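Shown next, in structure tokens, is the structure this report addresses.
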There are 2 protein chains.
Amino acid sequence: MDKKIIQELIDRYVSVSFDVNKKAAFLLKCQISEDLTIDQHYILRYIQHSNNCTSTELAEAFDVNKSAITAIINRLADRGIIERTRDENDRRVLYLTLSEKGHELHHKTQEKVHLLVESFITKFDEAEITNFINTYEKLDLILTNMKNEEVGE
Amino acid sequence: MDKKIIQELIDRYVSVSFDVNKKAAFLLKCQISEDLTIDQHYILRYIQHSNNCTSTELAEAFDVNKSAITAIINRLADRGIIERTRDENDRRVLYLTLSEKGHELHHKTQEKVHLLVESFITKFDEAEITNFINTYEKLDLILTNMKNEEVGE
DNA sequence: GTGAATAGTTCAACAGTTTAACTAATAGGA
DNA sequence: TCCTATTAGTTAAACTGTTGAACTATTCAC
């Protein structure tokens, strides 16, 4: 690729990824902030999708230290949204699950998130948005590899 | 579009946008955290690209309250990275500019950001990444309109 | 000229983050 | 078997970023 073209693509990517993130976060917050923060929503989403979720697993998935997870989980546990249960075989391990209230709250916020994403996804034709998400997923794989190289040094 | 396909696209979008954001933020932080936080880098970037930048303009661009901008600018001004100058015609207004040190710091971190983005952008062929960024920019426009509708209620 | 609007700050409170030091439990090798 | 290293998770202090309400100072508009 031509150097000039690469420079232009880099600038456009930096700008647009920043702008989209900010606006998506803003719209998301408008929808769910009465019940949960954005991070809290993603934490509940991860726990529900995972089997036998632990703090260590969350810390890896969210690329933060375990103590950051402890803080988030404490707030959610204090509100009765998340429950901790000890592993009987390895008593160091705490499994995280959603309470009944946690399931309800996650379901409620998830619906709002889906409606929001649907409202802009359906503005594209199917081929364009499918190509977009395909490339986005390729990018995710590339970043995963880069992250592993970074960590494995 | 078929309902099932839409649901699948929504799920994929929610997952991949979350994952890419987390990993990109992680890699970005590895590169620049000695000098600036990610938000601080974007603030400097915005100020440099803007003429006569003000706190109000930043608050709108970043979708946060003005008091959040005050806090960020205070920290950067305390470090001698940003300077405030009053408008002589409208003495309510404070223009924000980068100091010499601020320019150097922004240049340094910008280089690292560019190298990082270049390292994954060049893993795609030109047509694919161009299409991706084009669609990303369309999405930005759609979100801008949605945000304006939200605010204009 | 006075009341409304605008630009920006301050303060208290909170969410999320890092780092270092810590407890408790398990695993592995001499 | 015992001792050491590792692992899971917590705590505490310090920091960044955020909101919302109350505030100062200035300008605008009728």
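Following the order of the structure tokens, chains are lettered A, B, ..., residues in each are numbered from 1, and ligands are numbered from 1.
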Residues of chain A within 9 Å of chain B, counting only C-alpha atoms, what are they? List them as an MDAnalysis selection string. chainID A and resid 1 5:7 9:14 16:27 30 42 61:64 113:114 117:118 120:126 128:133 135:137 139:144 146:147 150
Least-squares superpose chain B on chain A across all ordered C-alpha pairs, then write out what you get as a PDB file with C-alpha atoms, in the first residue's frame.
ATOM      1  CA  MET B   1      -0.020  -0.062   0.009  1.00  0.00           C
ATOM      2  CA  ASP B   2       1.052   3.503  -0.717  1.00  0.00           C
ATOM      3  CA  LYS B   3       2.433   5.353   2.308  1.00  0.00           C
ATOM      4  CA  LYS B   4       0.143   8.340   1.811  1.00  0.00           C
ATOM      5  CA  ILE B   5      -2.919   6.133   1.636  1.00  0.00           C
ATOM      6  CA  ILE B   6      -1.864   4.311   4.800  1.00  0.00           C
ATOM      7  CA  GLN B   7      -1.390   7.591   6.671  1.00  0.00           C
ATOM      8  CA  GLU B   8      -4.825   8.751   5.573  1.00  0.00           C
ATOM      9  CA  LEU B   9      -6.444   5.480   6.636  1.00  0.00           C
ATOM     10  CA  ILE B  10      -4.746   5.675  10.042  1.00  0.00           C
ATOM     11  CA  ASP B  11      -6.030   9.209  10.628  1.00  0.00           C
ATOM     12  CA  ARG B  12      -9.527   8.282   9.553  1.00  0.00           C
ATOM     13  CA  TYR B  13      -9.508   5.187  11.748  1.00  0.00           C
ATOM     14  CA  VAL B  14      -8.300   7.075  14.834  1.00  0.00           C
ATOM     15  CA  SER B  15     -10.946   9.763  14.340  1.00  0.00           C
ATOM     16  CA  VAL B  16     -13.902   7.568  13.553  1.00  0.00           C
ATOM     17  CA  SER B  17     -13.256   4.930  16.196  1.00  0.00           C
ATOM     18  CA  PHE B  18     -13.031   7.669  18.808  1.00  0.00           C
ATOM     19  CA  ASP B  19     -16.172   9.433  17.584  1.00  0.00           C
ATOM     20  CA  VAL B  20     -18.278   6.284  17.290  1.00  0.00           C
ATOM     21  CA  ASN B  21     -17.202   5.080  20.733  1.00  0.00           C
ATOM     22  CA  LYS B  22     -18.114   8.369  22.381  1.00  0.00           C
ATOM     23  CA  LYS B  23     -21.491   8.607  20.689  1.00  0.00           C
ATOM     24  CA  ALA B  24     -22.373   4.953  21.230  1.00  0.00           C
ATOM     25  CA  ALA B  25     -21.430   5.269  24.904  1.00  0.00           C
ATOM     26  CA  PHE B  26     -23.573   8.398  25.192  1.00  0.00           C
ATOM     27  CA  LEU B  27     -26.633   6.745  23.610  1.00  0.00           C
ATOM     28  CA  LEU B  28     -26.126   3.581  25.642  1.00  0.00           C
ATOM     29  CA  LYS B  29     -25.932   5.583  28.842  1.00  0.00           C
ATOM     30  CA  CYS B  30     -29.165   7.390  27.996  1.00  0.00           C
ATOM     31  CA  GLN B  31     -30.883   4.002  27.748  1.00  0.00           C
ATOM     32  CA  ILE B  32     -29.563   2.135  30.797  1.00  0.00           C
ATOM     33  CA  SER B  33     -28.032   4.569  33.286  1.00  0.00           C
ATOM     34  CA  GLU B  34     -31.043   4.399  35.614  1.00  0.00           C
ATOM     35  CA  ASP B  35     -30.276   0.756  36.301  1.00  0.00           C
ATOM     36  CA  LEU B  36     -26.620   0.068  35.523  1.00  0.00           C
ATOM     37  CA  THR B  37     -23.439   1.649  34.275  1.00  0.00           C
ATOM     38  CA  ILE B  38     -22.161   0.471  30.898  1.00  0.00           C
ATOM     39  CA  ASP B  39     -19.374  -1.548  32.510  1.00  0.00           C
ATOM     40  CA  GLN B  40     -21.787  -3.145  34.949  1.00  0.00           C
ATOM     41  CA  HIS B  41     -24.035  -4.154  32.048  1.00  0.00           C
ATOM     42  CA  TYR B  42     -21.136  -5.811  30.256  1.00  0.00           C
ATOM     43  CA  ILE B  43     -20.086  -7.581  33.465  1.00  0.00           C
ATOM     44  CA  LEU B  44     -23.585  -9.050  33.867  1.00  0.00           C
ATOM     45  CA  ARG B  45     -23.611  -9.982  30.181  1.00  0.00           C
ATOM     46  CA  TYR B  46     -20.303 -11.779  30.521  1.00  0.00           C
ATOM     47  CA  ILE B  47     -21.356 -13.659  33.651  1.00  0.00           C
ATOM     48  CA  GLN B  48     -24.585 -14.796  32.046  1.00  0.00           C
ATOM     49  CA  HIS B  49     -22.817 -16.023  28.907  1.00  0.00           C
ATOM     50  CA  SER B  50     -20.126 -17.814  30.921  1.00  0.00           C
ATOM     51  CA  ASN B  51     -20.243 -21.043  32.901  1.00  0.00           C
ATOM     52  CA  ASN B  52     -18.679 -20.898  36.351  1.00  0.00           C
ATOM     53  CA  CYS B  53     -17.407 -17.361  35.923  1.00  0.00           C
ATOM     54  CA  THR B  54     -14.629 -16.187  38.257  1.00  0.00           C
ATOM     55  CA  SER B  55     -12.983 -12.838  39.039  1.00  0.00           C
ATOM     56  CA  THR B  56      -9.781 -13.963  37.349  1.00  0.00           C
ATOM     57  CA  GLU B  57     -11.665 -14.802  34.157  1.00  0.00           C
ATOM     58  CA  LEU B  58     -13.396 -11.408  34.187  1.00  0.00           C
ATOM     59  CA  ALA B  59     -10.107  -9.608  34.768  1.00  0.00           C
ATOM     60  CA  GLU B  60      -8.628 -11.310  31.699  1.00  0.00           C
ATOM     61  CA  ALA B  61     -11.695 -10.688  29.547  1.00  0.00           C
ATOM     62  CA  PHE B  62     -11.839  -7.004  30.497  1.00  0.00           C
ATOM     63  CA  ASP B  63      -8.068  -6.452  30.472  1.00  0.00           C
ATOM     64  CA  VAL B  64      -7.946  -5.024  33.991  1.00  0.00           C
ATOM     65  CA  ASN B  65      -6.445  -6.038  37.332  1.00  0.00           C
ATOM     66  CA  LYS B  66      -8.333  -8.382  39.578  1.00  0.00           C
ATOM     67  CA  SER B  67      -8.742  -5.663  42.190  1.00  0.00           C
ATOM     68  CA  ALA B  68     -10.762  -3.631  39.699  1.00  0.00           C
ATOM     69  CA  ILE B  69     -13.114  -6.589  39.298  1.00  0.00           C
ATOM     70  CA  THR B  70     -13.391  -6.985  43.079  1.00  0.00           C
ATOM     71  CA  ALA B  71     -14.567  -3.380  43.341  1.00  0.00           C
ATOM     72  CA  ILE B  72     -17.203  -3.773  40.618  1.00  0.00           C
ATOM     73  CA  ILE B  73     -18.442  -7.113  41.969  1.00  0.00           C
ATOM     74  CA  ASN B  74     -18.656  -5.711  45.509  1.00  0.00           C
ATOM     75  CA  ARG B  75     -20.970  -2.940  44.348  1.00  0.00           C
ATOM     76  CA  LEU B  76     -23.181  -5.389  42.449  1.00  0.00           C
ATOM     77  CA  ALA B  77     -23.204  -7.880  45.330  1.00  0.00           C
ATOM     78  CA  ASP B  78     -24.130  -5.103  47.773  1.00  0.00           C
ATOM     79  CA  ARG B  79     -27.153  -4.390  45.576  1.00  0.00           C
ATOM     80  CA  GLY B  80     -28.079  -8.071  45.523  1.00  0.00           C
ATOM     81  CA  ILE B  81     -27.478  -8.390  41.803  1.00  0.00           C
ATOM     82  CA  ILE B  82     -24.597 -10.874  41.926  1.00  0.00           C
ATOM     83  CA  GLU B  83     -23.951 -13.853  44.197  1.00  0.00           C
ATOM     84  CA  ARG B  84     -20.654 -15.507  45.113  1.00  0.00           C
ATOM     85  CA  THR B  85     -20.388 -19.258  45.769  1.00  0.00           C
ATOM     86  CA  ARG B  86     -17.233 -21.128  46.781  1.00  0.00           C
ATOM     87  CA  ASP B  87     -15.906 -24.057  44.788  1.00  0.00           C
ATOM     88  CA  GLU B  88     -16.045 -27.060  47.106  1.00  0.00           C
ATOM     89  CA  ASN B  89     -12.993 -28.704  45.528  1.00  0.00           C
ATOM     90  CA  ASP B  90     -10.741 -25.660  45.330  1.00  0.00           C
ATOM     91  CA  ARG B  91     -11.698 -23.349  48.139  1.00  0.00           C
ATOM     92  CA  ARG B  92      -9.696 -20.433  46.722  1.00  0.00           C
ATOM     93  CA  VAL B  93     -12.179 -20.095  43.871  1.00  0.00           C
ATOM     94  CA  LEU B  94     -15.383 -18.007  43.990  1.00  0.00           C
ATOM     95  CA  TYR B  95     -17.968 -18.500  41.267  1.00  0.00           C
ATOM     96  CA  LEU B  96     -20.016 -15.474  40.253  1.00  0.00           C
ATOM     97  CA  THR B  97     -23.658 -15.826  39.271  1.00  0.00           C
ATOM     98  CA  LEU B  98     -26.624 -13.520  38.722  1.00  0.00           C
ATOM     99  CA  SER B  99     -29.342 -13.465  41.365  1.00  0.00           C
ATOM    100  CA  GLU B 100     -32.997 -13.444  40.311  1.00  0.00           C
ATOM    101  CA  LYS B 101     -32.874  -9.652  40.524  1.00  0.00           C
ATOM    102  CA  GLY B 102     -29.658  -9.688  38.489  1.00  0.00           C
ATOM    103  CA  HIS B 103     -31.282 -11.726  35.731  1.00  0.00           C
ATOM    104  CA  GLU B 104     -34.231  -9.354  35.571  1.00  0.00           C
ATOM    105  CA  LEU B 105     -31.994  -6.307  35.481  1.00  0.00           C
ATOM    106  CA  HIS B 106     -29.754  -7.757  32.809  1.00  0.00           C
ATOM    107  CA  HIS B 107     -32.725  -8.780  30.708  1.00  0.00           C
ATOM    108  CA  LYS B 108     -34.185  -5.292  30.962  1.00  0.00           C
ATOM    109  CA  THR B 109     -30.987  -3.487  29.989  1.00  0.00           C
ATOM    110  CA  GLN B 110     -30.137  -6.045  27.307  1.00  0.00           C
ATOM    111  CA  GLU B 111     -33.463  -5.366  25.597  1.00  0.00           C
ATOM    112  CA  LYS B 112     -32.706  -1.666  25.515  1.00  0.00           C
ATOM    113  CA  VAL B 113     -29.197  -2.269  24.166  1.00  0.00           C
ATOM    114  CA  HIS B 114     -30.603  -4.536  21.455  1.00  0.00           C
ATOM    115  CA  LEU B 115     -33.207  -1.983  20.409  1.00  0.00           C
ATOM    116  CA  LEU B 116     -30.533   0.696  20.220  1.00  0.00           C
ATOM    117  CA  VAL B 117     -28.157  -1.416  18.128  1.00  0.00           C
ATOM    118  CA  GLU B 118     -31.029  -2.600  15.937  1.00  0.00           C
ATOM    119  CA  SER B 119     -32.064   0.986  15.255  1.00  0.00           C
ATOM    120  CA  PHE B 120     -28.759   1.793  13.564  1.00  0.00           C
ATOM    121  CA  ILE B 121     -27.857  -1.608  12.135  1.00  0.00           C
ATOM    122  CA  THR B 122     -31.069  -1.714  10.110  1.00  0.00           C
ATOM    123  CA  LYS B 123     -30.110   1.571   8.438  1.00  0.00           C
ATOM    124  CA  PHE B 124     -27.530  -0.406   6.402  1.00  0.00           C
ATOM    125  CA  ASP B 125     -28.223  -2.971   3.738  1.00  0.00           C
ATOM    126  CA  GLU B 126     -27.466  -6.509   4.774  1.00  0.00           C
ATOM    127  CA  ALA B 127     -24.348  -6.984   2.642  1.00  0.00           C
ATOM    128  CA  GLU B 128     -22.672  -3.827   3.895  1.00  0.00           C
ATOM    129  CA  ILE B 129     -23.245  -4.417   7.577  1.00  0.00           C
ATOM    130  CA  THR B 130     -22.286  -8.088   7.263  1.00  0.00           C
ATOM    131  CA  ASN B 131     -19.011  -7.165   5.582  1.00  0.00           C
ATOM    132  CA  PHE B 132     -18.413  -4.552   8.251  1.00  0.00           C
ATOM    133  CA  ILE B 133     -18.904  -6.980  11.114  1.00  0.00           C
ATOM    134  CA  ASN B 134     -16.794  -9.622   9.379  1.00  0.00           C
ATOM    135  CA  THR B 135     -13.870  -7.220   9.115  1.00  0.00           C
ATOM    136  CA  TYR B 136     -14.482  -6.038  12.682  1.00  0.00           C
ATOM    137  CA  GLU B 137     -14.173  -9.659  13.850  1.00  0.00           C
ATOM    138  CA  LYS B 138     -10.963 -10.103  11.876  1.00  0.00           C
ATOM    139  CA  LEU B 139      -9.625  -7.007  13.612  1.00  0.00           C
ATOM    140  CA  ASP B 140     -10.554  -8.537  16.945  1.00  0.00           C
ATOM    141  CA  LEU B 141      -8.454 -11.608  16.130  1.00  0.00           C
ATOM    142  CA  ILE B 142      -5.498  -9.469  15.090  1.00  0.00           C
ATOM    143  CA  LEU B 143      -5.711  -7.437  18.301  1.00  0.00           C
ATOM    144  CA  THR B 144      -5.954 -10.631  20.350  1.00  0.00           C
ATOM    145  CA  ASN B 145      -2.689 -11.825  18.840  1.00  0.00           C
ATOM    146  CA  MET B 146      -1.032  -8.468  19.394  1.00  0.00           C
ATOM    147  CA  LYS B 147      -2.173  -8.451  22.992  1.00  0.00           C
ATOM    148  CA  ASN B 148      -0.843 -11.960  23.592  1.00  0.00           C
ATOM    149  CA  GLU B 149       2.530 -10.958  22.133  1.00  0.00           C
ATOM    150  CA  GLU B 150       2.549  -7.894  24.381  1.00  0.00           C
ATOM    151  CA  VAL B 151       1.719  -9.916  27.471  1.00  0.00           C
ATOM    152  CA  GLY B 152       4.062 -12.781  26.592  1.00  0.00           C
ATOM    153  CA  GLU B 153       7.175 -10.607  26.707  1.00  0.00           C
TER     154      GLU B 153
END
Have a look at C1' of DT19 in chain D and C1' of DT9 in chain C and let me know their distance in Å, one decimal.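 For C1' of DT19 in chain D relative to C1' of DT9 in chain C, the distance reads 14.7 Å.
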Taking the backbone alone, and naming residues the way the document does, which bits of range 74-118 of chain A are strand (DSSP E) by DSSP, as a list in words?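 Reading the DSSP output for range 74-118 of chain A, strand (DSSP E) covers Ile82, Glu83, Arg84, Thr85, Arg86, Leu94, Tyr95, Leu96, Thr97 and Leu98 of chain A.
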Would you give me, as a PyMOL selection string, the residues in range 18-136 of chain B that DSSP reads as alpha helix (DSSP H)? chain B and resi 18-32+38-49+55-62+66-78+100-121+126-136
Only residues of chain D matter here; which ones have an atom within 12 Å of chain B, counting only C-alpha atoms (C1' of nucleotides)? Give them as a PyMOL selection string. chain D and resi 15-21+24-28
For chain C, report every residue with an atom at most 12 Å from chain B (counting only C-alpha atoms (C1' of nucleotides)), formatted as a short mmCIF file (atom, residue, chain, number, x, y, z; two decimals) with C-alpha atoms (C1' of nucleotides), in the first residue's frame.
data_model
loop_
_atom_site.label_atom_id
_atom_site.label_comp_id
_atom_site.auth_asym_id
_atom_site.auth_seq_id
_atom_site.Cartn_x
_atom_site.Cartn_y
_atom_site.Cartn_z
"C1'" DT C 6 -23.85 31.76 28.52
"C1'" DA C 7 -18.82 30.29 29.89
"C1'" DG C 8 -16.61 28.33 33.11
"C1'" DT C 9 -15.48 26.73 38.16
"C1'" DT C 10 -16.16 24.42 42.58
"C1'" DC C 11 -17.62 20.79 45.44
"C1'" DT C 17 -8.49 1.79 37.69
"C1'" DT C 18 -3.51 0.59 39.38
#
Measuring atom to atom with only C-alpha atoms (C1' of nucleotides), identify which of D:DC3, D:DA22, D:DA8, D:DA14 is nearest to DG28 in chain C.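 Looking at the shortest contact to DG28 in chain C, the residue is D:DC3.
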Residues near DC30 in chain D, anyone? I mean within 12 Å using only C-alpha atoms (C1' of nucleotides), not counting same-chain ones fewer than 6 positions away, as number ranges by chain. C: 1-4
Requested write-out: C-alpha atoms (C1' of nucleotides) of the selected residues, as a compact mmCIF listing (two decimals), in the first residue's frame:
# COMPACT_ATOMS: atom_id res chain seq x y z
C1' DG C 1 -31.13 48.84 32.87
C1' DT C 2 -32.77 44.58 34.41
C1' DG C 3 -33.60 39.68 33.83
C1' DA C 4 -32.20 35.67 31.07
What does the structure give for the distance between C1' of DA12 in chain D and C1' of DA21 in chain C, in Å to one decimal? 9.1 Å
Give me, as a VMD selection string, all polymer residues having an atom no more than 12 Å from DA30 in chain C, counting only C-alpha atoms (C1' of nucleotides) and skipping those fewer than 5 positions away in the same chain. chain D and resid 1 to 4
Output file for the selection above: N, CA and C atoms (P, O5', C5', C4', C3', O3' and C1' of nucleotides), as a PDB file, in the first residue's frame:
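Output saved as again_22.pdb:
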ATOM      1  P    DT D   1       1.781 -37.627  54.820  1.00  0.00           P
ATOM      2  O5'  DT D   1       2.743 -37.067  55.930  1.00  0.00           O
ATOM      3  C5'  DT D   1       3.922 -37.658  56.438  1.00  0.00           C
ATOM      4  C4'  DT D   1       5.023 -36.649  56.364  1.00  0.00           C
ATOM      5  C3'  DT D   1       4.569 -35.211  56.614  1.00  0.00           C
ATOM      6  O3'  DT D   1       5.499 -34.578  57.472  1.00  0.00           O
ATOM      7  C1'  DT D   1       5.716 -35.332  54.549  1.00  0.00           C
ATOM      8  P    DC D   2       4.975 -33.468  58.481  1.00  0.00           P
ATOM      9  O5'  DC D   2       5.842 -32.210  58.023  1.00  0.00           O
ATOM     10  C5'  DC D   2       7.253 -32.330  57.946  1.00  0.00           C
ATOM     11  C4'  DC D   2       7.801 -31.388  56.891  1.00  0.00           C
ATOM     12  C3'  DC D   2       7.319 -29.936  57.022  1.00  0.00           C
ATOM     13  O3'  DC D   2       8.449 -29.103  56.849  1.00  0.00           O
ATOM     14  C1'  DC D   2       6.969 -30.674  54.828  1.00  0.00           C
ATOM     15  P    DC D   3       8.565 -27.691  57.554  1.00  0.00           P
ATOM     16  O5'  DC D   3       9.387 -26.865  56.484  1.00  0.00           O
ATOM     17  C5'  DC D   3      10.233 -27.542  55.547  1.00  0.00           C
ATOM     18  C4'  DC D   3      10.158 -26.857  54.195  1.00  0.00           C
ATOM     19  C3'  DC D   3       9.805 -25.368  54.241  1.00  0.00           C
ATOM     20  O3'  DC D   3      10.653 -24.698  53.345  1.00  0.00           O
ATOM     21  C1'  DC D   3       8.327 -26.472  52.800  1.00  0.00           C
ATOM     22  P    DT D   4      10.986 -23.163  53.462  1.00  0.00           P
ATOM     23  O5'  DT D   4      10.880 -22.681  51.936  1.00  0.00           O
ATOM     24  C5'  DT D   4      11.370 -23.526  50.899  1.00  0.00           C
ATOM     25  C4'  DT D   4      10.499 -23.389  49.666  1.00  0.00           C
ATOM     26  C3'  DT D   4      10.097 -21.952  49.348  1.00  0.00           C
ATOM     27  O3'  DT D   4      10.617 -21.616  48.074  1.00  0.00           O
ATOM     28  C1'  DT D   4       8.250 -23.434  49.131  1.00  0.00           C
TER      29       DT D   4
END
